[in-house]
Amino acid sequence: YDEQSPAQERHSVAVQILLRRLSTLNPSPPNIGIESQELSTQVCEGLMELFPRVALSDIRANLVEMRQRKHEDEVGCIQRAIRAAEAGFAAIHRELQPGMTELDAFSVAQCAALTNLAKPVWATGDFVSGVERTTAMGGKGTKRAMQAGDLFIVDFGLIAGGYWADLSNTFLVGQQPDELHLHRFEVLKKAVKVAEGELRAGAKAKEIFENVDAFLMSESGKVVKSEHLGHGIGLRHHLGHGIGLHHLEPPFLVRNSDERLQAGHVITIEPGLY
């Protein structure tokens, strides 16, 4: 945009540049690999006009497989995103108090992440408080003002350098945790360790899920201060998933998975008790 003439739509400009570059290919390619889910109609039509006899081959499955195994520089990008998200959690921990809204807390986390990265950041996540909203397990932040004694679930995700971070934690608003809070917290910390102990190349995602689920069912119902907590509680959502250029990538640690872990996978571990 030269500020002298009306600006062109940016996607159209990018398509024109791409097609000009491709037009220099000689001889014309018989095949072009595409990622169909990401390819606009404008690009597809331009390719067919430029190369009338070309075969467009959807290689999305190959790309998804390749993206699962992260290189060292990709891991570095994810780690930077994680550090920014951790700064967001630390800021919430410092500033959280009764009367703060869920949206206020999101703003606090996003500002801290931005400061940590020293650049603009795109952030999102689940910011839910109170019995009704936390029972539903997720949702965007609202103007709901949190009260003393509320549990506040924060599942904070952001993109830094093109790569995602996805962290989750639960805060207790305005008071000290009781015995049940501490018991459930300790059980979940142990569940993370159980999962971490099974993360190795070749491990079945389904079996990792089942083992952690069984552990939670066993441990979450144990006696606390002579009070039996009733039946154990298992996993109500996935145990974890891959992460990278996208928020949700294979493998998925779920009950009905036939995937196996591979060297180079970067995955979340996020057990919960609801």
# chains A, B, ... in the order shown; residues from 1 in each chain; ligands from 1

call {"tool": "select_by_dssp", "arguments": {"residues": "segment 55-202 of chain A", "states": "strand (DSSP E or B)", "output": "VMD selection string"}}
result
chain A and resid 55 to 58 101 122 to 129 145 151 to 160 163 to 172

call {"tool": "select_by_dssp", "arguments": {"residues": "segment 48-264 of chain A", "states": "alpha helix (DSSP H)", "output": "PyMOL selection string"}}
result
chain A and resi 48-50+60-68+72-95+102-117+130-135+179-196+205-219

call {"tool": "residues_around", "arguments": {"residues": "segment 124-133 of chain A", "least_positions_apart": "2", "cutoff": "12 Å", "atoms": "only C-alpha atoms", "output": "compact mmCIF listing (two decimals) with all heavy atoms, in the first residue's frame"}}
result
# COMPACT_ATOMS: atom_id res chain seq x y z
N ALA A 85 3.17 -17.87 28.53
CA ALA A 85 1.94 -18.31 29.20
C ALA A 85 2.16 -18.43 30.70
O ALA A 85 1.27 -18.07 31.50
CB ALA A 85 1.48 -19.64 28.61
N GLY A 88 1.75 -15.23 32.29
CA GLY A 88 0.34 -14.91 32.45
C GLY A 88 -0.25 -15.54 33.69
O GLY A 88 -1.00 -14.89 34.43
N PHE A 89 0.09 -16.80 33.96
CA PHE A 89 -0.41 -17.47 35.17
C PHE A 89 0.13 -16.80 36.43
O PHE A 89 -0.59 -16.63 37.41
CB PHE A 89 -0.02 -18.95 35.15
CG PHE A 89 -0.95 -19.81 34.36
CD1 PHE A 89 -0.62 -20.23 33.09
CD2 PHE A 89 -2.17 -20.20 34.88
CE1 PHE A 89 -1.48 -21.03 32.34
CE2 PHE A 89 -3.05 -21.00 34.15
CZ PHE A 89 -2.70 -21.41 32.88
N ILE A 92 -1.86 -13.66 37.10
CA ILE A 92 -3.18 -13.96 37.68
C ILE A 92 -3.03 -14.30 39.16
O ILE A 92 -3.80 -13.84 40.01
CB ILE A 92 -3.86 -15.11 36.92
CG1 ILE A 92 -4.25 -14.67 35.51
CG2 ILE A 92 -5.11 -15.57 37.68
CD1 ILE A 92 -4.84 -15.78 34.67
N PRO A 98 -11.39 -11.40 44.99
CA PRO A 98 -12.84 -11.31 44.81
C PRO A 98 -13.22 -9.99 44.15
O PRO A 98 -12.63 -8.94 44.42
CB PRO A 98 -13.37 -11.39 46.25
CG PRO A 98 -12.32 -12.15 46.99
CD PRO A 98 -11.02 -11.70 46.39
N GLY A 99 -14.20 -10.06 43.25
CA GLY A 99 -14.64 -8.88 42.52
C GLY A 99 -14.04 -8.77 41.13
O GLY A 99 -14.60 -8.08 40.27
N MET A 100 -12.88 -9.42 40.91
CA MET A 100 -12.29 -9.42 39.56
C MET A 100 -13.16 -10.25 38.64
O MET A 100 -13.66 -11.31 39.03
CB MET A 100 -10.87 -9.99 39.62
CG MET A 100 -10.20 -10.12 38.26
SD MET A 100 -8.53 -10.82 38.35
CE MET A 100 -7.61 -9.38 38.86
N THR A 101 -13.37 -9.78 37.41
CA THR A 101 -14.15 -10.57 36.46
C THR A 101 -13.24 -11.55 35.72
O THR A 101 -12.02 -11.41 35.71
CB THR A 101 -14.85 -9.68 35.42
OG1 THR A 101 -13.87 -9.11 34.55
CG2 THR A 101 -15.66 -8.58 36.10
N GLU A 102 -13.88 -12.53 35.10
CA GLU A 102 -13.11 -13.49 34.28
C GLU A 102 -12.38 -12.77 33.16
O GLU A 102 -11.22 -13.09 32.85
CB GLU A 102 -14.06 -14.55 33.71
CG GLU A 102 -14.73 -15.41 34.77
CD GLU A 102 -15.89 -16.22 34.22
OE1 GLU A 102 -16.33 -15.93 33.08
OE2 GLU A 102 -16.38 -17.13 34.92
N LEU A 103 -13.03 -11.77 32.56
CA LEU A 103 -12.38 -11.01 31.50
C LEU A 103 -11.21 -10.19 32.02
O LEU A 103 -10.19 -10.03 31.33
CB LEU A 103 -13.40 -10.09 30.81
CG LEU A 103 -14.30 -10.76 29.76
CD1 LEU A 103 -15.35 -9.77 29.27
CD2 LEU A 103 -13.48 -11.29 28.60
N ASP A 104 -11.35 -9.67 33.25
CA ASP A 104 -10.23 -8.96 33.86
C ASP A 104 -9.01 -9.88 33.96
O ASP A 104 -7.89 -9.48 33.66
CB ASP A 104 -10.60 -8.48 35.28
CG ASP A 104 -11.60 -7.34 35.28
OD1 ASP A 104 -11.69 -6.63 34.27
OD2 ASP A 104 -12.29 -7.18 36.31
N ALA A 105 -9.25 -11.11 34.41
CA ALA A 105 -8.15 -12.06 34.57
C ALA A 105 -7.52 -12.40 33.23
O ALA A 105 -6.29 -12.53 33.13
CB ALA A 105 -8.66 -13.33 35.25
N PHE A 106 -8.34 -12.55 32.20
CA PHE A 106 -7.79 -12.80 30.87
C PHE A 106 -6.91 -11.64 30.43
O PHE A 106 -5.81 -11.84 29.88
CB PHE A 106 -8.91 -13.02 29.85
CG PHE A 106 -8.43 -13.12 28.43
CD1 PHE A 106 -7.81 -14.26 27.99
CD2 PHE A 106 -8.57 -12.05 27.56
CE1 PHE A 106 -7.34 -14.36 26.67
CE2 PHE A 106 -8.12 -12.14 26.26
CZ PHE A 106 -7.50 -13.29 25.81
N SER A 107 -7.36 -10.41 30.66
CA SER A 107 -6.58 -9.24 30.29
C SER A 107 -5.25 -9.21 31.04
O SER A 107 -4.21 -8.88 30.46
CB SER A 107 -7.38 -7.98 30.59
OG SER A 107 -6.65 -6.82 30.27
N VAL A 108 -5.27 -9.57 32.32
CA VAL A 108 -4.05 -9.61 33.12
C VAL A 108 -3.06 -10.63 32.53
O VAL A 108 -1.86 -10.35 32.39
CB VAL A 108 -4.38 -9.98 34.59
CG1 VAL A 108 -3.13 -10.39 35.36
CG2 VAL A 108 -5.06 -8.81 35.28
N ALA A 109 -3.57 -11.81 32.19
CA ALA A 109 -2.71 -12.86 31.63
C ALA A 109 -2.14 -12.45 30.28
O ALA A 109 -0.95 -12.63 30.01
CB ALA A 109 -3.49 -14.17 31.51
N GLN A 110 -2.98 -11.89 29.43
CA GLN A 110 -2.52 -11.50 28.09
C GLN A 110 -1.48 -10.38 28.18
O GLN A 110 -0.47 -10.41 27.45
CB GLN A 110 -3.71 -11.04 27.25
CG GLN A 110 -3.35 -10.73 25.80
CD GLN A 110 -4.56 -10.35 24.98
OE1 GLN A 110 -5.48 -9.70 25.47
NE2 GLN A 110 -4.59 -10.75 23.72
N ALA A 113 1.84 -11.86 29.29
CA ALA A 113 2.46 -12.62 28.21
C ALA A 113 3.09 -11.69 27.19
O ALA A 113 4.19 -11.94 26.69
CB ALA A 113 1.42 -13.53 27.55
N VAL A 121 0.93 -10.41 21.07
CA VAL A 121 0.67 -11.84 21.19
C VAL A 121 -0.82 -12.09 21.01
O VAL A 121 -1.65 -11.29 21.44
CB VAL A 121 1.15 -12.37 22.56
CG1 VAL A 121 0.41 -11.68 23.70
CG2 VAL A 121 0.97 -13.87 22.67
N TRP A 122 -1.14 -13.19 20.32
CA TRP A 122 -2.53 -13.61 20.18
C TRP A 122 -2.81 -14.67 21.23
O TRP A 122 -2.10 -15.68 21.31
CB TRP A 122 -2.78 -14.19 18.78
CG TRP A 122 -4.24 -14.45 18.52
CD1 TRP A 122 -5.16 -13.60 18.00
CD2 TRP A 122 -4.94 -15.68 18.78
NE1 TRP A 122 -6.39 -14.20 17.91
CE2 TRP A 122 -6.28 -15.48 18.38
CE3 TRP A 122 -4.56 -16.91 19.30
CZ2 TRP A 122 -7.24 -16.47 18.49
CZ3 TRP A 122 -5.53 -17.90 19.42
CH2 TRP A 122 -6.85 -17.68 19.01
N THR A 135 -18.32 -26.58 36.21
CA THR A 135 -18.87 -27.92 35.95
C THR A 135 -18.95 -28.19 34.46
O THR A 135 -18.76 -29.32 34.00
CB THR A 135 -20.27 -28.06 36.57
OG1 THR A 135 -20.17 -27.84 37.99
CG2 THR A 135 -20.84 -29.45 36.34
N ALA A 136 -19.20 -27.15 33.69
CA ALA A 136 -19.23 -27.28 32.22
C ALA A 136 -17.83 -27.45 31.64
O ALA A 136 -17.67 -27.76 30.47
CB ALA A 136 -19.92 -26.08 31.60
N MET A 137 -16.79 -27.19 32.44
CA MET A 137 -15.38 -27.45 32.15
C MET A 137 -14.72 -26.45 31.22
O MET A 137 -13.51 -26.44 31.10
CB MET A 137 -15.17 -28.86 31.59
CG MET A 137 -15.56 -29.98 32.54
SD MET A 137 -15.05 -31.61 31.95
CE MET A 137 -16.05 -31.78 30.47
N GLY A 138 -15.46 -25.59 30.56
CA GLY A 138 -14.80 -24.67 29.64
C GLY A 138 -15.70 -23.55 29.19
O GLY A 138 -16.92 -23.59 29.36
N GLY A 139 -15.09 -22.53 28.61
CA GLY A 139 -15.83 -21.40 28.08
C GLY A 139 -14.98 -20.14 28.11
O GLY A 139 -14.03 -20.03 28.88
N LYS A 140 -15.30 -19.21 27.24
CA LYS A 140 -14.57 -17.95 27.20
C LYS A 140 -14.89 -17.12 28.44
O LYS A 140 -15.93 -17.26 29.07
CB LYS A 140 -14.94 -17.16 25.94
CG LYS A 140 -14.69 -17.90 24.64
CD LYS A 140 -13.23 -18.29 24.49
CE LYS A 140 -12.97 -19.02 23.19
NZ LYS A 140 -11.58 -19.51 23.09
N GLY A 141 -13.95 -16.23 28.80
CA GLY A 141 -14.17 -15.37 29.94
C GLY A 141 -15.36 -14.45 29.73
O GLY A 141 -15.65 -14.02 28.61
N THR A 142 -16.04 -14.12 30.83
CA THR A 142 -17.21 -13.25 30.80
C THR A 142 -17.03 -12.13 31.82
O THR A 142 -16.02 -12.04 32.50
CB THR A 142 -18.50 -14.04 31.14
OG1 THR A 142 -18.45 -14.44 32.52
CG2 THR A 142 -18.63 -15.28 30.25
N LYS A 143 -18.08 -11.32 31.94
CA LYS A 143 -18.06 -10.24 32.93
C LYS A 143 -18.46 -10.73 34.33
O LYS A 143 -18.64 -9.91 35.24
CB LYS A 143 -19.00 -9.12 32.49
CG LYS A 143 -18.55 -8.40 31.22
CD LYS A 143 -19.50 -7.29 30.84
CE LYS A 143 -19.03 -6.56 29.59
NZ LYS A 143 -19.96 -5.48 29.21
N ARG A 144 -18.55 -12.05 34.50
CA ARG A 144 -18.90 -12.58 35.82
C ARG A 144 -17.84 -12.17 36.84
O ARG A 144 -16.65 -12.44 36.67
CB ARG A 144 -19.00 -14.10 35.79
CG ARG A 144 -19.41 -14.69 37.14
CD ARG A 144 -19.38 -16.22 37.15
NE ARG A 144 -19.89 -16.73 38.41
CZ ARG A 144 -19.16 -16.85 39.52
NH1 ARG A 144 -17.88 -16.53 39.51
NH2 ARG A 144 -19.71 -17.30 40.64
N ALA A 145 -18.27 -11.52 37.93
CA ALA A 145 -17.37 -11.14 39.01
C ALA A 145 -17.18 -12.33 39.94
O ALA A 145 -18.16 -12.93 40.42
CB ALA A 145 -17.93 -9.95 39.77
N MET A 146 -15.95 -12.70 40.16
CA MET A 146 -15.66 -13.86 41.00
C MET A 146 -15.82 -13.54 42.48
O MET A 146 -15.56 -12.41 42.92
CB MET A 146 -14.24 -14.36 40.70
CG MET A 146 -14.14 -14.99 39.32
SD MET A 146 -12.46 -15.53 38.88
CE MET A 146 -11.78 -13.99 38.25
N GLN A 147 -16.25 -14.54 43.24
CA GLN A 147 -16.51 -14.38 44.66
C GLN A 147 -15.53 -15.22 45.46
O GLN A 147 -14.96 -16.20 44.95
CB GLN A 147 -17.95 -14.82 44.98
CG GLN A 147 -19.01 -14.10 44.16
CD GLN A 147 -20.39 -14.69 44.36
OE1 GLN A 147 -20.63 -15.44 45.30
NE2 GLN A 147 -21.31 -14.34 43.47
N ALA A 148 -15.33 -14.86 46.71
CA ALA A 148 -14.45 -15.63 47.58
C ALA A 148 -14.97 -17.07 47.67
O ALA A 148 -16.17 -17.31 47.85
CB ALA A 148 -14.42 -15.00 48.98
N GLY A 149 -14.07 -18.02 47.51
CA GLY A 149 -14.43 -19.42 47.54
C GLY A 149 -14.68 -20.04 46.18
O GLY A 149 -14.78 -21.26 46.06
N ASP A 150 -14.77 -19.20 45.14
CA ASP A 150 -14.93 -19.73 43.78
C ASP A 150 -13.67 -20.46 43.34
O ASP A 150 -12.55 -20.02 43.63
CB ASP A 150 -15.18 -18.60 42.78
CG ASP A 150 -16.62 -18.14 42.72
OD1 ASP A 150 -17.48 -18.82 43.30
OD2 ASP A 150 -16.86 -17.08 42.10
N LEU A 151 -13.87 -21.55 42.62
CA LEU A 151 -12.77 -22.13 41.86
C LEU A 151 -12.76 -21.47 40.48
O LEU A 151 -13.82 -21.23 39.89
CB LEU A 151 -12.95 -23.64 41.73
CG LEU A 151 -12.75 -24.45 43.01
CD1 LEU A 151 -13.06 -25.92 42.77
CD2 LEU A 151 -11.33 -24.29 43.55
N PHE A 152 -11.58 -21.19 39.99
CA PHE A 152 -11.42 -20.47 38.72
C PHE A 152 -10.49 -21.28 37.84
O PHE A 152 -9.29 -21.39 38.11
CB PHE A 152 -10.84 -19.08 39.00
CG PHE A 152 -10.60 -18.22 37.79
CD1 PHE A 152 -11.45 -18.26 36.70
CD2 PHE A 152 -9.51 -17.35 37.77
CE1 PHE A 152 -11.23 -17.45 35.59
CE2 PHE A 152 -9.28 -16.53 36.67
CZ PHE A 152 -10.14 -16.58 35.58
N ILE A 153 -11.04 -21.89 36.78
CA ILE A 153 -10.26 -22.70 35.84
C ILE A 153 -9.73 -21.80 34.73
O ILE A 153 -10.50 -21.10 34.07
CB ILE A 153 -11.11 -23.83 35.23
CG1 ILE A 153 -11.59 -24.80 36.32
CG2 ILE A 153 -10.31 -24.59 34.17
CD1 ILE A 153 -12.55 -25.86 35.81
N VAL A 154 -8.43 -21.84 34.54
CA VAL A 154 -7.79 -21.08 33.48
C VAL A 154 -7.04 -22.05 32.57
O VAL A 154 -6.10 -22.72 33.00
CB VAL A 154 -6.80 -20.03 34.04
CG1 VAL A 154 -6.07 -19.32 32.90
CG2 VAL A 154 -7.52 -19.03 34.93
N ASP A 155 -7.50 -22.16 31.34
CA ASP A 155 -6.82 -22.96 30.32
C ASP A 155 -6.34 -21.96 29.27
O ASP A 155 -7.08 -21.58 28.37
CB ASP A 155 -7.78 -23.98 29.73
CG ASP A 155 -7.09 -25.00 28.84
OD1 ASP A 155 -5.87 -24.87 28.63
OD2 ASP A 155 -7.77 -25.92 28.35
N PHE A 156 -5.10 -21.52 29.40
CA PHE A 156 -4.57 -20.36 28.68
C PHE A 156 -3.71 -20.82 27.51
O PHE A 156 -2.77 -21.59 27.68
CB PHE A 156 -3.75 -19.51 29.65
CG PHE A 156 -3.28 -18.19 29.12
CD1 PHE A 156 -4.09 -17.40 28.33
CD2 PHE A 156 -2.01 -17.72 29.43
CE1 PHE A 156 -3.66 -16.17 27.85
CE2 PHE A 156 -1.56 -16.50 28.96
CZ PHE A 156 -2.38 -15.72 28.17
N GLY A 157 -4.06 -20.36 26.32
CA GLY A 157 -3.28 -20.69 25.13
C GLY A 157 -2.87 -19.44 24.38
O GLY A 157 -3.60 -18.45 24.36
N LEU A 158 -1.70 -19.49 23.79
CA LEU A 158 -1.25 -18.34 23.00
C LEU A 158 -0.29 -18.82 21.92
O LEU A 158 0.23 -19.93 21.96
CB LEU A 158 -0.59 -17.29 23.89
CG LEU A 158 0.63 -17.69 24.73
CD1 LEU A 158 1.92 -17.60 23.93
CD2 LEU A 158 0.73 -16.78 25.95
N ILE A 159 -0.07 -17.94 20.94
CA ILE A 159 0.83 -18.24 19.82
C ILE A 159 2.00 -17.27 19.88
O ILE A 159 1.83 -16.06 19.98
CB ILE A 159 0.11 -18.08 18.47
CG1 ILE A 159 -1.10 -19.02 18.39
CG2 ILE A 159 1.06 -18.36 17.32
CD1 ILE A 159 -1.94 -18.82 17.14
N TRP A 164 2.16 -22.77 19.31
CA TRP A 164 1.23 -22.67 20.43
C TRP A 164 1.86 -23.08 21.76
O TRP A 164 2.73 -23.95 21.81
CB TRP A 164 0.04 -23.59 20.19
CG TRP A 164 -1.04 -23.00 19.35
CD1 TRP A 164 -1.09 -22.96 17.98
CD2 TRP A 164 -2.24 -22.38 19.80
NE1 TRP A 164 -2.24 -22.35 17.56
CE2 TRP A 164 -2.98 -21.99 18.66
CE3 TRP A 164 -2.78 -22.12 21.06
CZ2 TRP A 164 -4.21 -21.35 18.75
CZ3 TRP A 164 -4.01 -21.49 21.15
CH2 TRP A 164 -4.71 -21.10 20.00
N ALA A 165 1.35 -22.46 22.82
CA ALA A 165 1.48 -22.97 24.18
C ALA A 165 0.06 -23.24 24.68
O ALA A 165 -0.88 -22.54 24.28
CB ALA A 165 2.17 -21.98 25.09
N ASP A 166 -0.10 -24.23 25.54
CA ASP A 166 -1.42 -24.58 26.07
C ASP A 166 -1.23 -25.06 27.50
O ASP A 166 -0.79 -26.19 27.73
CB ASP A 166 -2.06 -25.66 25.20
CG ASP A 166 -3.43 -26.10 25.71
OD1 ASP A 166 -3.97 -25.43 26.61
OD2 ASP A 166 -3.94 -27.12 25.23
N LEU A 167 -1.52 -24.19 28.47
CA LEU A 167 -1.33 -24.52 29.89
C LEU A 167 -2.65 -24.35 30.63
O LEU A 167 -3.48 -23.50 30.28
CB LEU A 167 -0.28 -23.62 30.53
CG LEU A 167 1.20 -23.97 30.30
CD1 LEU A 167 1.60 -23.69 28.85
CD2 LEU A 167 2.09 -23.15 31.24
N SER A 168 -2.82 -25.15 31.68
CA SER A 168 -4.06 -25.09 32.45
C SER A 168 -3.76 -25.17 33.94
O SER A 168 -2.82 -25.85 34.37
CB SER A 168 -4.99 -26.24 32.04
OG SER A 168 -6.23 -26.13 32.71
N ASN A 169 -4.56 -24.44 34.71
CA ASN A 169 -4.44 -24.50 36.16
C ASN A 169 -5.76 -24.04 36.77
O ASN A 169 -6.60 -23.45 36.09
CB ASN A 169 -3.30 -23.60 36.65
CG ASN A 169 -2.61 -24.17 37.89
OD1 ASN A 169 -3.26 -24.80 38.72
ND2 ASN A 169 -1.32 -23.96 37.99
N THR A 170 -5.92 -24.33 38.06
CA THR A 170 -7.13 -23.93 38.77
C THR A 170 -6.73 -23.08 39.98
O THR A 170 -5.84 -23.45 40.74
CB THR A 170 -7.93 -25.14 39.25
OG1 THR A 170 -8.30 -25.94 38.11
CG2 THR A 170 -9.21 -24.72 39.97
N PHE A 171 -7.40 -21.94 40.14
CA PHE A 171 -7.15 -21.04 41.25
C PHE A 171 -8.34 -21.06 42.20
O PHE A 171 -9.48 -21.25 41.78
CB PHE A 171 -6.94 -19.61 40.75
CG PHE A 171 -5.75 -19.43 39.86
CD1 PHE A 171 -5.87 -19.60 38.48
CD2 PHE A 171 -4.51 -19.10 40.38
CE1 PHE A 171 -4.78 -19.44 37.65
CE2 PHE A 171 -3.41 -18.93 39.54
CZ PHE A 171 -3.54 -19.10 38.19
N LEU A 172 -8.06 -20.86 43.48
CA LEU A 172 -9.11 -20.68 44.49
C LEU A 172 -9.12 -19.20 44.85
O LEU A 172 -8.12 -18.65 45.28
CB LEU A 172 -8.82 -21.54 45.71
CG LEU A 172 -9.81 -21.43 46.87
CD1 LEU A 172 -11.22 -21.85 46.44
CD2 LEU A 172 -9.34 -22.26 48.07
N VAL A 173 -10.29 -18.58 44.70
CA VAL A 173 -10.39 -17.13 44.85
C VAL A 173 -10.58 -16.73 46.31
O VAL A 173 -11.50 -17.21 46.98
CB VAL A 173 -11.57 -16.59 44.01
CG1 VAL A 173 -11.67 -15.07 44.14
CG2 VAL A 173 -11.42 -16.99 42.55
N HIS A 247 -3.25 -25.73 17.66
CA HIS A 247 -3.58 -26.00 19.06
C HIS A 247 -3.81 -27.48 19.30
O HIS A 247 -3.35 -28.04 20.30
CB HIS A 247 -4.83 -25.19 19.44
CG HIS A 247 -5.38 -25.52 20.79
ND1 HIS A 247 -6.71 -25.61 21.05
CD2 HIS A 247 -4.75 -25.78 21.95
CE1 HIS A 247 -6.90 -25.92 22.32
NE2 HIS A 247 -5.72 -26.02 22.90
N TYR A 274 -13.53 -33.17 37.96
CA TYR A 274 -14.67 -32.25 37.95
C TYR A 274 -15.82 -32.87 38.74
O TYR A 274 -16.04 -34.06 38.70
CB TYR A 274 -15.11 -31.98 36.51
CG TYR A 274 -14.02 -31.37 35.66
CD1 TYR A 274 -13.14 -32.17 34.95
CD2 TYR A 274 -13.90 -29.98 35.58
CE1 TYR A 274 -12.14 -31.60 34.17
CE2 TYR A 274 -12.90 -29.40 34.78
CZ TYR A 274 -12.04 -30.21 34.10
OH TYR A 274 -11.06 -29.65 33.33

call {"tool": "atom_distance", "arguments": {"atom1": "atom CA of Asp258 of chain A", "atom2": "atom CA of Lys189 of chain A"}}
result
26.2 Å

call {"tool": "residues_around", "arguments": {"residues": "Leu50 of chain A", "least_positions_apart": "6", "cutoff": "10 Å", "atoms": "only C-alpha atoms", "output": "MDAnalysis selection string"}}
result
chainID A and resid 19:20 22:23 28 44

call {"tool": "residues_around", "arguments": {"residues": "Arg67 of chain A", "least_positions_apart": "2", "cutoff": "12 Å", "atoms": "only C-alpha atoms", "output": "ChimeraX atom specification"}}
result
/A:60-65,69-71,74-75,163,242-246,248-251,262,264-266

call {"tool": "atom_distance", "arguments": {"atom1": "atom CA of Arg236 of chain A", "atom2": "atom CA of Gln79 of chain A"}}
result
27.7 Å

call {"tool": "atom_distance", "arguments": {"atom1": "atom CA of Gly161 of chain A", "atom2": "atom CA of Glu3 of chain A"}}
result
29.1 Å

call {"tool": "decode", "arguments": {"residues": "segment 113-134 of chain A", "atoms": "C-alpha atoms", "output": "PDB file, in the first residue's frame"}}
result
ATOM      1  CA  ALA A 113       2.457 -12.623  28.209  1.00  0.00           C
ATOM      2  CA  LEU A 114       2.908  -9.633  25.910  1.00  0.00           C
ATOM      3  CA  THR A 115       5.418  -8.085  28.315  1.00  0.00           C
ATOM      4  CA  ASN A 116       7.314 -11.353  28.569  1.00  0.00           C
ATOM      5  CA  LEU A 117       7.621 -11.682  24.794  1.00  0.00           C
ATOM      6  CA  ALA A 118       8.134  -7.951  24.193  1.00  0.00           C
ATOM      7  CA  LYS A 119       5.894  -8.200  21.153  1.00  0.00           C
ATOM      8  CA  PRO A 120       2.159  -8.461  20.367  1.00  0.00           C
ATOM      9  CA  VAL A 121       0.673 -11.841  21.191  1.00  0.00           C
ATOM     10  CA  TRP A 122      -2.534 -13.611  20.175  1.00  0.00           C
ATOM     11  CA  ALA A 123      -4.068 -15.320  23.191  1.00  0.00           C
ATOM     12  CA  THR A 124      -7.235 -17.254  23.969  1.00  0.00           C
ATOM     13  CA  GLY A 125      -8.485 -19.889  26.368  1.00  0.00           C
ATOM     14  CA  ASP A 126     -11.072 -21.024  28.885  1.00  0.00           C
ATOM     15  CA  PHE A 127     -11.586 -18.669  31.846  1.00  0.00           C
ATOM     16  CA  VAL A 128     -14.488 -20.023  33.918  1.00  0.00           C
ATOM     17  CA  SER A 129     -15.433 -19.592  37.571  1.00  0.00           C
ATOM     18  CA  GLY A 130     -18.189 -20.647  39.942  1.00  0.00           C
ATOM     19  CA  VAL A 131     -19.939 -23.989  40.249  1.00  0.00           C
ATOM     20  CA  GLU A 132     -22.121 -23.791  37.146  1.00  0.00           C
ATOM     21  CA  ARG A 133     -19.398 -22.650  34.752  1.00  0.00           C
ATOM     22  CA  THR A 134     -16.606 -24.874  36.068  1.00  0.00           C
TER      23      THR A 134
END
